[in-house]
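Asks: Take this structure, written in structure tokens, and hold onto it; I'll ask about it next.
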Amino acid sequence: MFQKLKIKANVEIFFLFLLFILCDTATQIFLKKGATHLGEIPLDQLSHVLLYVINILTNVNIMTGVCFVLIAFFSWLAILSKVDLSKAQLINSLVYVTVPLASIFFLGETIHMTQMLGILLISLGALIASA
């Protein structure tokens, strides 16, 4: 019976990590799309800044990113309630892999070989540290 409970807990933790990583990655993609659409923050006049804030609040990509960051936040809290921070943070580093890969597919960005090497080293480091 205890073995079934442990497996159930491990499956739950796995899906919480998966949810967190997917939502955190989606957050970055949607915020990037929204920020690119909005452009730079105009700091020359207060009225321009206020208009920019209104544009942020009405931008679908940014608001979608905010929704994903909230889901990621609550899934992270759930993870931290079940897993040591030192172990959870290692898995969290996988976001450094998923965001660049998602940037290729969803934003049309390119990744250089040095970035790919960095992604490989991060993945390898997370794997070694979590073993």
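Convention: chains lettered A, B, ... in structure tokens order; per-chain residue numbering from 1; ligands numbered from 1 as shown.
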Compile the contact shell of Leu18 in chain A as a PyMOL selection string: residues with an atom at most 12 Å away, counting only C-alpha atoms, same-chain residues fewer than 2 positions apart removed.

Replies: chain A and resi 11-16+20-25+71-72+75-76+79+88+91-92+94-95+98

Asks: When you look at Ala126 in chain A with a cut-off of 10 Å (counting only C-alpha atoms), what residues show up, excluding the ones that are within fewer than 4 positions of it in the same chain? I need them as JSON, numbers by chain.

Replies: {"A": [87, 89, 90, 91, 92, 93, 94, 120, 121, 122, 130, 131]}

Asks: From a DSSP calculation on the backbone, collect every residue of range 13-92 of chain A in helix (DSSP H, G or I) and output the set as number ranges by chain.

Replies: A: 13-38, 46-57, 60-80, 85-92

Asks: Name the residues in contact with Gln115 in chain A at a cut-off of 12 Å, using only C-alpha atoms, excluding same-chain residues fewer than 6 positions from it; report them as a list in words.

Replies: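 The residues that qualify are Tyr96, Val97, Val99, Pro100, Leu101, Leu121 and Ile122 of chain A.
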
Asks: If you take only C-alpha atoms and a cut-off of 9 Å, which residues of range 41-118 of chain A touch range 30-37 of chain A, and what are their nearest atom pairs and distances in Å to one decimal, in chain and number order, as CSV?

Replies:
```
residue,atom,partner,partner_atom,distance
A:Ile56,CA,A:Gly34,CA,7.9
A:Asn59,CA,A:Gly34,CA,6.6
A:Val60,CA,A:Gly34,CA,7.5
A:Asn61,CA,A:Gly34,CA,4.9
A:Ile62,CA,A:Leu31,CA,5.0
A:Met63,CA,A:Leu31,CA,8.3
A:Thr64,CA,A:Phe30,CA,6.6
A:Gly65,CA,A:Phe30,CA,4.9
A:Val66,CA,A:Leu31,CA,7.9
A:Phe68,CA,A:Phe30,CA,8.9
A:Leu107,CA,A:Lys33,CA,7.8
```

Asks: Keeping C-alpha atoms, export the residues of the selection given above as an mmCIF file, in the first residue's frame.

Replies:
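Saved as part_4.cif:
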```
data_model
loop_
_atom_site.group_PDB
_atom_site.id
_atom_site.type_symbol
_atom_site.label_atom_id
_atom_site.label_comp_id
_atom_site.auth_asym_id
_atom_site.auth_seq_id
_atom_site.Cartn_x
_atom_site.Cartn_y
_atom_site.Cartn_z
ATOM 1 C CA ILE A 56 -0.127 46.298 -21.966
ATOM 2 C CA ASN A 59 -2.650 43.080 -25.262
ATOM 3 C CA VAL A 60 -3.878 39.499 -25.660
ATOM 4 C CA ASN A 61 -0.371 38.000 -25.744
ATOM 5 C CA ILE A 62 0.728 39.774 -22.589
ATOM 6 C CA MET A 63 -2.448 38.887 -20.706
ATOM 7 C CA THR A 64 -2.097 35.265 -21.847
ATOM 8 C CA GLY A 65 1.494 35.338 -20.568
ATOM 9 C CA VAL A 66 0.263 36.691 -17.234
ATOM 10 C CA PHE A 68 0.496 31.300 -17.662
ATOM 11 C CA LEU A 107 9.131 32.929 -32.732
#
```

Asks: Take CA of Ile29 in chain A and CA of Ala102 in chain A and report the distance between them in Å, one decimal.

Replies: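 So the answer is 7.4 Å.
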